[in-house]
Protein chains: 2
Amino acid sequence: MTTYNAPLRDMQFVMNDVLKIESFADLPGFADASPDLVDAILTEGAKIAEEVLHPLNQSGDKQGCRLENGVVRIPDGFKEAYDTYVQGGWGGLTSDPAYGGQGLPHVVGIAVSEMISAANMAFSMYPGLTHGAYAAIHAHGSDEQKQTYLPNMVSGKWAGTMNLTEPHCGTDLGLMRTKAAPQDDGSYKITGTKIFISAGDHELTENIIHLVLAKIAGGPEGIKGVSLFIVPKFLVNEDGSCGARNGVTCGSLEEKMGIHGNSTCVLNYEDATGYLIGTSHKGMRAMFTMMNAARLGVGMQGMSQSVVSYQNALTYANERLQGRSLTGPKAPDQAADPIIVHPDIRRMLMDQKAFNEGARALMYWTALQGDLSHLSPDEAVRERSDDLMGLITPVIKGYLTDKGFAHSVNAQQVLGGHGYIQESGLEQFVRDARITMIYEGANGVQALDLVGRKLAANGGRAIFGFFAELDAALKEHEGDEALKPYHDTLADGKAYLEDATNWLMENGLKNPDNAGAASVDYLHLFGLVLMAYVWLKMAKAAQEKMANGSGEDTFYDNKLKTARYFVDRIFPDAAAHLAKLKSGAASMMALQADAF
Amino acid sequence: MTTYNAPLRDMQFVMNDVLKIESFADLPGFADASPDLVDAILTEGAKIAEEVLHPLNQSGDKQGCRLENGVVRIPDGFKEAYDTYVQGGWGGLTSDPAYGGQGLPHVVGIAVSEMISAANMAFSMYPGLTHGAYAAIHAHGSDEQKQTYLPNMVSGKWAGTMNLTEPHCGTDLGLMRTKAAPQDDGSYKITGTKIFISAGDHELTENIIHLVLAKIAGGPEGIKGVSLFIVPKFLVNEDGSCGARNGVTCGSLEEKMGIHGNSTCVLNYEDATGYLIGTSHKGMRAMFTMMNAARLGVGMQGMSQSVVSYQNALTYANERLQGRSLTGPKAPDQAADPIIVHPDIRRMLMDQKAFNEGARALMYWTALQGDLSHLSPDEAVRERSDDLMGLITPVIKGYLTDKGFAHSVNAQQVLGGHGYIQESGLEQFVRDARITMIYEGANGVQALDLVGRKLAANGGRAIFGFFAELDAALKEHEGDEALKPYHDTLADGKAYLEDATNWLMENGLKNPDNAGAASVDYLHLFGLVLMAYVWLKMAKAAQEKMANGSGEDTFYDNKLKTARYFVDRIFPDAAAHLAKLKSGAASMMALQADAF
């Protein structure tokens with residue numbers, strides 16, 4: 001049986017010591033996010049994650065979902081857990097107070113999301129999808145649509161989904177076949193089949209608000225003819241109550257590798273009544289609002305599975321007695337030493353620990369940029385934060401999920417043969433983490449978004465702004481002997497990334513395949529530079545606390561030791577990524593397709 | 001539904017053009033392995049792999065095994081497939097003719113094993129374990145034991161297993177609790193519980209010969225008091241027929257992440273009659289015979305899952321239409337281009353292709369060393385080959401399974417969301433491949449075996465011999481312009497590995513934790529150098545054939561292109577492994593165990 005313990009102290013370190021969120025108290029929402037209140041929120045969030053949601057993680061995996069006479073049944077206990085979640089107001093933590101939300105900063109919301117996802121990723125997707133649908137309607141819906149749908153979505157009384165993929169198209173949504181036929185009353189009739197719809201149907205809520213991409217007949221070809229529609233499972237009456245069943249049904253449940261507790265549906269739309277969101281044919285713009293938030297959320301999911309699998313591997317490493325330390329017995333009164341004495345077990349645990357803590361700092365820092373991009377009174381700050389968010393969203397999605405999966409595999413490895421047995425629960429974390437590299441745009445698509453779109457946007461304003469920010473940080477800490485290893489690592493990383501960026505700008509124009517061929521290595525190099533940046537921030541914060549007599553010197557000293565591990569053992573991959581990407585597209589594209 | 005096509009042309013390339021096995025015709029067994037006969041064997045092996053075994057791979061995974069009233073039921077069709085396999089004489093291909101085997105070289109046997117494992121890894125373990133048990137009895141059993149057990153194991157009438165692990169001990173077998181009580185007739189009564197026993201029970205064969213490690217009361221403490229016993233499921237009568245049921249029962253089946261078609265058992269021994277193999281308390285020596293062969297076999301399994309998953313990813317990449325090439329439409333008459341036009345899809349496929357072909361050459365070359373170590377009339381060659389086999393066995397096991405798994409994950413990624421759906425079959429390859437990193441000694445244990453035992457053996461004779469062999473190869477091809485990239489890559493690799501080896505010798509003595517901390521990076525560096533070596537061999541062979549007017553220039557030119565991809569895109573990790581390992585144990589061991 002697995003356990004989950006929310007790493008509250010580490011979360012507080014990032015929020016209070018590294019990001020110093022108290023210093024933003026003049027921004028709307030942040031005033032309510034005093035350290036005491038944040039502590040209280042995190043403590044309550046930890047309780048529901050540890051005591052309500054995590055105990056359902058393995059049973060939910062084992063039981064899975066099933067379709068009975070058209071009704072989707074989700075695992076035992078999920079409904080009760082969802083009710084507890086809703087009653088606690090967790091769904092609306094960061095939502096607009098105009099629709100019943102609590103309006104707290106995203107940097108607080110992300111910490112709660114981390115706990116929910118680590119505790120039970122399959123469960124977390126039910127409210128997660130609702131929040132994504134909320135965000136799209138909030139940003140692009142009409143006032144009437146917002147009034148009709150958002151209050152019940154914020155409260156958790158209703159759920160939401162996003163419907164993009166069809167059997168023959170996922171990445172290339174321009175090929176979409178789902179049709180929207182205009183009706184006299186201004187609504188549309190939606191017909192088509194959508195697949196891989198997470199949380200696509202269930203009885204957790206009295207209604208489900210599907211957001212559906214479809215093509216209005218006669219519109220432009222391809223991606224420019226795609227529109228976004230609200231298609232409620234039950235039509236909503238004038239008085240806001242649920243009325244007739246709409247023409248959307250669950251055709252089947254996908255049998256997947258993992259996240260068995262989540263109902264991944266094939267949804268059949270047959271003359272379902274839909275309501276256009278925003279302008280016709282501009283559906284992708286609205287969908288991107290949802291997807292960008294969702295991509296950050298998926299990056300967080302990847303990290304969350306690394307966190308929970310690390311905790312369980314660590315417990316095993318401390319308890320399992322096997323062999324003796326290479327430097328002499330450490331538990332001479334026992335038949336063998338706990339395996340945490342062995343360097344290679346340490347390697348796997350330290351890899352995870354350095355990743356988890358770095359990824360958390362990066363994730364929360366990014367969420368803070370999201371808050372600043374909306375809330376800062378300073379236009380320059382808003383622009384900079386928005387640039388930064390856009391630039392690093394694909395990096396967060398790609399890097400944190402590739403590594404989150406790899407570290408879940410490492411955690412499983414710590415348990416040896418026992419990790420391969422279902423009961424241990426470690427293999428579930430691996431299976432669940434695996435989807436994060438795929439959905440919301442496979443990681444290769446993230447990398448293309450990064451090099452093909454984000455780098456070039458506004459003449460490279462975002463990446464140049466990022467380099468300027470790194471230069472400022474490097475300058476600030478130059479000559480600080482205690483920070484030297486972390487400073488120098490970031491300096492190396494920045495030099496590599498600049499080199500790679502220049503190479504891309506020069507060679508990607510000559511031959512676009514060079515950009516494609518470089519993309520994933522560029523994304524991973526970028527991820528390592530971001531990690532170097534946040535580890536420098538964390539090292540600085542730890543040293544400050546120690547210099548000021550924190551009374552917790554061991555905690556802070558351990559941060560420095562972990563930062564050092566990152567420098568020694570994780571960062572060296574950066575040079576390999578640079579070397580690979582600079583080899584260009586030639587050898588990658590050399591073979592004819594029929595020669596493989 | 002997945003498919004498997006045995007890559008016969010690639011196999012023949014390695015055997016005939018690279019290893020030139022015909023040139024060894026003066027060795028026993030090799031005379032029977034003429035190119036024509038080998039072709040015939042591979043063609044027949046391909047048929048059973050493709051037509052009999054692969055069609056049972058997904059159904060075997062889905063159905064799994066179950067325990068019914070003490071009887072282990074394996075998936076439908078496995079019994080019939082096993083009978084076909086046995087009737088074809090496949091189990092005894094490389095076995096001793098004295099016991100009914102065909103005495104063919106291991107380099108031929110490994111090619112057949114690759115096909116069987118790629119087609120259906122869970123199935124392949126039933127005959128695979130039998131062969132391991134055969135090898136241990138053959139090397140260490142008495143003449144009477146060999147006469148009693150081997151003919152039926154070679155023919156496949158009986159099966160075999162290996163029993164090491166217990167609930168509280170796996171890596172550290174000195175902690176073992178299974179007891180062997182001497183009886184007046186010279187036999188022993190075996191009592192204890194063994195777990196994770198692959199192919200532990202089934203009704204494929206009329207008997208199962210369990211090889212069981214146990215401690216004889218009063219023997220030395222720890223690993224030096226472990227003995228190896230033959231414990232047949234049914235006692236064997238004087239006339240060789242099966243008699244009374246022995247005291248071994250399947251307590252339960254392990255519920256695993258994958259290889260569901262194989263019956264992984266908890267076996268309970270209660271006063272089971274066992275027969276000592278070899279000398280008492282020397283069981284580990286005999287078990288290592290079995291394990292070394294098994295470790296090479298597991299390396300091959302890792303590769304095999306990469307091969308079959310690659311083939312299925314490739315089919316998808318050629319068929320799935322999505323998006324357009326970055327350099328303009330390649331299939332303008334279709335709604336979109338096949339995704340193989342996209343560089344990042346190429347990256348994943350080329351990573352796999354370069355790995356699969358390199359790993360195959362490495363695996364077959366190693367099997368050839370195994371043949372030479374037994375069969376060469378030249379004592380120096382026998383010693384050199386035996387040294388080399390011993391040295392690289394942990395590298396093959398660790399590197400080929402870590403990468404085999406990673407590439408199965410890559411193959412799954414090519415399919416996007418469809419790869420996460422069970423029906424596609426790709427996620428099964430990932431789940432099946434995962435065990436190869438764990439069993440027969442987790443990969444961290446392989447790395448410790450490499451740096452702690454194999455490097456130091458005989459004053460470093462094996463590693464120095466390997467360096468001398470690399471020097472000779474480098475000298476041979478020095479100045480050959482056409483081979484320059486492959487030559488220079490091997491030269492870099494050899495320099496890195498020498499640097500790492502010197503570092504280890506110096507720092508591992510000072511502090512053994514340095515050796516442990518370096519071990520996995522050293523193993524991966526070693527793996528890359530071996531790959532650079534075999535890619536140089538393959539490039540040379542391809543150029544020779546082209547120079548001699550092979551009539552298959554495209555085939556050979558593609559080998560050169562793939563070799564170049566290895567140089568550009570895979571080898572650069574070598575420097576990162578070197579940098580990491582030279583950082584030593586300090587940051588890895590810095591944290592107190594309670595500070596994680």
# chains A, B, ... in the order shown; residues from 1 in each chain; ligands from 1
$ interface_residues --of "chain B" --to "chain A" --cutoff "7 Å" --atoms "only C-alpha atoms" --output "PyMOL selection string"
chain B and resi 169+171-172+254-257+322-323+326-327+340+343-344+346-347+350+413+416-417+420-422+427+435+438-439+442+444+512-513+516-517+558+561+564-565+568-569+572-573+576+579-580+583+587-591+593
$ select_by_dssp --residues "stretch 20-90 of chain B" --states "strand (DSSP E or B)" --output "list in words"
Arg66, Leu67, Glu68, Val71, Val72 and Arg73 of chain B
$ residues_around --residues "B:Tyr364" --least-positions-apart "2" --cutoff "12 Å" --atoms "only C-alpha atoms" --output "PDB file with C-alpha atoms, in the first residue's frame"
ATOM      1  CA  ASP B  10      19.752  -7.389 -40.720  1.00  0.00           C
ATOM      2  CA  MET B  11      20.518 -10.605 -38.863  1.00  0.00           C
ATOM      3  CA  GLN B  12      22.297 -12.046 -41.880  1.00  0.00           C
ATOM      4  CA  PHE B  13      24.287  -8.844 -42.269  1.00  0.00           C
ATOM      5  CA  VAL B  14      25.653  -9.207 -38.740  1.00  0.00           C
ATOM      6  CA  MET B  15      26.386 -12.915 -39.012  1.00  0.00           C
ATOM      7  CA  ASN B  16      27.790 -13.027 -42.501  1.00  0.00           C
ATOM      8  CA  VAL B  18      30.229  -8.316 -39.850  1.00  0.00           C
ATOM      9  CA  LEU B  19      31.094 -11.403 -37.799  1.00  0.00           C
ATOM     10  CA  LYS B  20      31.840 -13.589 -40.828  1.00  0.00           C
ATOM     11  CA  ILE B  21      30.893 -16.689 -38.895  1.00  0.00           C
ATOM     12  CA  PRO B 105      26.882 -22.203 -32.002  1.00  0.00           C
ATOM     13  CA  HIS B 106      25.403 -19.721 -29.528  1.00  0.00           C
ATOM     14  CA  VAL B 107      25.723 -16.995 -32.127  1.00  0.00           C
ATOM     15  CA  VAL B 108      23.054 -18.834 -34.104  1.00  0.00           C
ATOM     16  CA  GLY B 109      21.001 -19.599 -31.019  1.00  0.00           C
ATOM     17  CA  ILE B 110      20.895 -15.964 -29.996  1.00  0.00           C
ATOM     18  CA  ALA B 111      19.345 -14.956 -33.307  1.00  0.00           C
ATOM     19  CA  VAL B 112      16.558 -17.474 -32.835  1.00  0.00           C
ATOM     20  CA  SER B 113      16.119 -16.330 -29.236  1.00  0.00           C
ATOM     21  CA  GLU B 114      15.802 -12.746 -30.416  1.00  0.00           C
ATOM     22  CA  LEU B 296      22.863 -11.987 -21.574  1.00  0.00           C
ATOM     23  CA  GLY B 297      19.429 -13.381 -22.364  1.00  0.00           C
ATOM     24  CA  GLY B 299      19.829  -7.985 -22.332  1.00  0.00           C
ATOM     25  CA  MET B 300      18.554  -9.588 -25.500  1.00  0.00           C
ATOM     26  CA  MET B 303      16.603  -5.240 -27.213  1.00  0.00           C
ATOM     27  CA  GLU B 357      20.992  -2.621 -35.070  1.00  0.00           C
ATOM     28  CA  GLY B 358      23.915  -1.745 -32.810  1.00  0.00           C
ATOM     29  CA  ALA B 359      22.551  -3.824 -29.955  1.00  0.00           C
ATOM     30  CA  ARG B 360      22.009  -6.790 -32.260  1.00  0.00           C
ATOM     31  CA  ALA B 361      25.599  -6.645 -33.533  1.00  0.00           C
ATOM     32  CA  LEU B 362      26.868  -6.307 -29.966  1.00  0.00           C
ATOM     33  CA  THR B 366      29.193 -11.347 -27.518  1.00  0.00           C
ATOM     34  CA  ALA B 367      27.556 -14.700 -28.220  1.00  0.00           C
ATOM     35  CA  LEU B 368      30.419 -15.424 -30.600  1.00  0.00           C
ATOM     36  CA  GLN B 369      32.874 -14.664 -27.786  1.00  0.00           C
ATOM     37  CA  GLY B 370      30.950 -17.215 -25.728  1.00  0.00           C
ATOM     38  CA  ASP B 371      31.431 -19.808 -28.437  1.00  0.00           C
ATOM     39  CA  MET B 389      32.293 -12.119 -21.977  1.00  0.00           C
ATOM     40  CA  ILE B 396      24.837  -5.956 -22.014  1.00  0.00           C
ATOM     41  CA  VAL B 534      30.233  -2.392 -33.334  1.00  0.00           C
TER      42      VAL B 534
END
$ residues_around --residues "B:Ala457" --least-positions-apart "5" --cutoff "12 Å" --atoms "only C-alpha atoms" --output "list in words"
Asp387, Leu388, Gly390, Leu391, Asp449, Leu450, Val451, Gly452, Ala462, Ile463 and Phe464 of chain B
$ atom_distance --atom1 "atom CA of A:Thr393" --atom2 "atom CA of A:Gly278"
24.2 Å
$ residues_around --residues "stretch 89-99 of chain A" --least-positions-apart "3" --cutoff "7 Å" --atoms "only C-alpha atoms" --output "ChimeraX atom specification"
/A:85-86,102-106,109,127,150-151,154-156
$ select_by_dssp --residues "stretch 176-414 of chain A" --states "helix (DSSP H, G or I)" --output "MDAnalysis selection string"
chainID A and resid 222:225 283:319 339:341 343:375 379:414
$ residues_around --residues "A:His54" --least-positions-apart "2" --cutoff "7 Å" --atoms "only C-alpha atoms" --output "list in words"
Tyr4, Ala49, Glu50, Glu51, Val52, Leu56, Asn57, Ala119 and Asn120 of chain A
$ atom_distance --atom1 "atom CA of B:Gly404" --atom2 "atom CA of B:Lys79"
28.2 Å
$ atom_distance --atom1 "atom CA of B:Ser198" --atom2 "atom CA of B:Met162"
7.9 Å
$ closest_residue --among "B:Ser263, B:Thr501, B:Thr249, B:Asn163" --to "B:Leu228" --atoms "only C-alpha atoms"
B:Asn163
